[in-house]
Amino acid sequence: MRLLVVGRLSGQLASAVKMAMAHGAKVHHVERGDQATEQLRRGQGADLLMVDYRIDIAALIAANEAERIHVPVVACGVDAGPDDAAATIRAGAKEFIPLPPEADLIAAVLSAVADDDRPLISADPSMKAVIGLADQVARSEASILITGESGVGKEVMARYLHQNSRRADKPFISVNCAAIPDNLLESELFGHEKGAFTGAVARRVGKFEEADGGTLLLDEISEMDVRLQAKLLRALQERVIDRVGGTTPVKVDIRIIATSNRDLARSVSEGSFREDLLYRLNVVNLRLPSLRERPGDIPALADFFVRKYAAANGVPVRPVSAEARRALTAHRWNGNVRELENAMHRAVLLAQGPEIDVDAIRLPDGQPLTGATWDAGPASRAAQTADAVTRAYVGQTVAQMEKTLILDTLGHCLGNRTHAANILGISIRTLRNKLNEYADEGTPIPAPQSGISAAVG
């Protein structure tokens, strides 16, 4: 996590910074609020600001927001009374840390405000297969497209790829393309020069430059305006960008990961997404299965969220009862992991007794999880078991498993033989021989640079 400390770095504030560094934070320091905004504007980004309570926090937040810079603030200070602490919260700070600091408090605040505690948890074979593919490509420079329903954990997977890449010690920068208006997204991505448009009072470095050396996540890229896609394509091809209003190209060294919950091939056919950009982004496709497709993950995720929110709310960790586990596994989870997380957060707060029972697990409207979605009868349990066994590929021969892996990888790579061979760790000749063998058996083979099945040529 990147931490920017604002204030005079002495005494107890210095001790707090050392504790933050001990928990993995990368720390930079300025003394004044205007210096903080200027540093953020120049692209020296931060995930969290730790600000001396005597600085005008409201003015600092306003100056940042005028530049469309949204970084959470925690206030801190020595000899601050309750009124001082309350004033910082009213000014926009998320938390107040009294000094001298406590190590546990520093760790808890960093985790809660930055929300970095999102590990990639999996116990289901279908998700483990995706993670295996991610492990194979993480250290490459290939662009990766992560697809799947809303809430399946696409950003968590993107962070996992970055953390296991050769760029792990460099920035991971995320841009939500769906959350930024089209007329502002170009400046957000590429930056702007002073006077480029009304309100551009100074040069602003964009996310491409902020991510230099690291990874840039383009979240929900399907929502990007098609006119901006052309500029993005040039940036990906040539690794140079043009700031809005700029005259000099700027070189960047980044790895691109993109996510989408839409069918981009359909978007291409509808004319709302460029086909050449799709090929550039989709060197490797990681499709994350929905939570209902990986029931083995549900108990593991539920246990993790129970521990997380018990600690956050200062309540004891209660185990999830057997009955509740059956109900959780049977629910469809249309909101996927995000919906499960919210349900377990509520359950931690509502649970009574030694266990989290099924009555404590409520839907967003307050209704219990039982009833409409839970059928714990023998037929339901048998169907779940059969589904899990199918996904585990029990009964397949090694040759069948090899064939499945090769064809799935080829499909992920849109039929590109070279990329597929690199991922599989085999020569292109071996791959072609295998594909010819499968074609002779009558198996459709994805044609190069397409997802369309065809005979091997």
# chains A, B, ... in the order shown; residues from 1 in each chain; ligands from 1
>>> residues_around(residues="region 79-83 of chain A", least_positions_apart="3", cutoff="12 Å", atoms="only C-alpha atoms", output="list in words")
Gln12, Asp52, Tyr53, Arg54, Ala75, Cys76, Ala86, Ala87, Thr88, Ile89, Arg90, Phe96, Ile97, Pro98, Leu99, Pro100 and Pro101 of chain A
>>> select_by_dssp(residues="region 121-150 of chain A", states="strand (DSSP E or B)", output="PyMOL selection string")
chain A and resi 144-147
>>> write_last_selection(atoms="C-alpha atoms", output="compact mmCIF listing (two decimals), in the first residue's frame")
# COMPACT_ATOMS: atom_id res chain seq x y z
CA ILE A 144 -4.86 -10.36 -19.89
CA LEU A 145 -8.63 -10.06 -20.13
CA ILE A 146 -10.54 -11.24 -17.05
CA THR A 147 -14.21 -11.97 -17.69
>>> residues_around(residues="region 28-39 of chain A", least_positions_apart="5", cutoff="6 Å", atoms="only C-alpha atoms", output="PDB file with N, CA, C and O atoms, in the first residue's frame")
ATOM      1  N   LEU A   4       0.914   8.335   1.886  1.00  0.00           N
ATOM      2  CA  LEU A   4       1.472   9.677   1.831  1.00  0.00           C
ATOM      3  C   LEU A   4       1.188  10.362   3.162  1.00  0.00           C
ATOM      4  O   LEU A   4       0.027  10.548   3.538  1.00  0.00           O
ATOM      5  N   VAL A   5       2.233  10.715   3.887  1.00  0.00           N
ATOM      6  CA  VAL A   5       2.116  11.371   5.185  1.00  0.00           C
ATOM      7  C   VAL A   5       2.200  12.878   4.974  1.00  0.00           C
ATOM      8  O   VAL A   5       3.115  13.373   4.300  1.00  0.00           O
ATOM      9  N   VAL A   6       1.254  13.602   5.552  1.00  0.00           N
ATOM     10  CA  VAL A   6       1.189  15.053   5.386  1.00  0.00           C
ATOM     11  C   VAL A   6       1.321  15.694   6.766  1.00  0.00           C
ATOM     12  O   VAL A   6       0.460  15.506   7.630  1.00  0.00           O
ATOM     13  N   GLY A   7       2.396  16.435   6.975  1.00  0.00           N
ATOM     14  CA  GLY A   7       2.630  17.078   8.267  1.00  0.00           C
ATOM     15  C   GLY A   7       4.099  16.985   8.635  1.00  0.00           C
ATOM     16  O   GLY A   7       4.898  16.374   7.922  1.00  0.00           O
ATOM     17  N   ARG A   8       4.463  17.594   9.732  1.00  0.00           N
ATOM     18  CA  ARG A   8       5.855  17.564  10.171  1.00  0.00           C
ATOM     19  C   ARG A   8       6.188  16.184  10.721  1.00  0.00           C
ATOM     20  O   ARG A   8       5.546  15.717  11.660  1.00  0.00           O
ATOM     21  N   GLN A  44       2.532  10.834  -8.507  1.00  0.00           N
ATOM     22  CA  GLN A  44       3.130  10.076  -7.407  1.00  0.00           C
ATOM     23  C   GLN A  44       1.991   9.671  -6.467  1.00  0.00           C
ATOM     24  O   GLN A  44       1.756  10.295  -5.443  1.00  0.00           O
ATOM     25  N   LEU A  60      -7.788  20.322   2.010  1.00  0.00           N
ATOM     26  CA  LEU A  60      -6.981  19.338   1.292  1.00  0.00           C
ATOM     27  C   LEU A  60      -7.858  18.407   0.464  1.00  0.00           C
ATOM     28  O   LEU A  60      -7.585  18.160  -0.721  1.00  0.00           O
ATOM     29  N   ASN A  64      -8.031  18.156  -3.687  1.00  0.00           N
ATOM     30  CA  ASN A  64      -7.855  16.877  -4.390  1.00  0.00           C
ATOM     31  C   ASN A  64      -9.043  16.577  -5.295  1.00  0.00           C
ATOM     32  O   ASN A  64      -8.881  16.165  -6.452  1.00  0.00           O
TER      33      ASN A  64
END
>>> closest_residue(among="A:Glu149, A:Arg41, A:Phe305, A:Thr397", to="Val205 (chain A)", atoms="only C-alpha atoms")
A:Arg41
>>> atom_distance(atom1="CA of Arg204 (chain A)", atom2="CA of Met50 (chain A)")
22.2 Å
>>> closest_residue(among="A:Asn164, A:Val130, A:Val152, A:Phe172", to="Gly45 (chain A)", atoms="only C-alpha atoms")
A:Phe172
>>> atom_distance(atom1="CA of Arg167 (chain A)", atom2="CA of Glu210 (chain A)")
13.8 Å
>>> residues_around(residues="region 360-371 of chain A", least_positions_apart="2", cutoff="8 Å", atoms="only C-alpha atoms", output="ChimeraX atom specification")
/A:324,327-328,331,343-344,346-348,350-352,356-358,373-375
>>> closest_residue(among="A:Ile428, A:Ala302, A:Leu286, A:Leu120", to="Leu414 (chain A)", atoms="only C-alpha atoms")
A:Leu286
>>> select_by_dssp(residues="region 90-155 of chain A", states="alpha helix (DSSP H)", output="ChimeraX atom specification")
/A:90-91,103-114,125-137,154-155
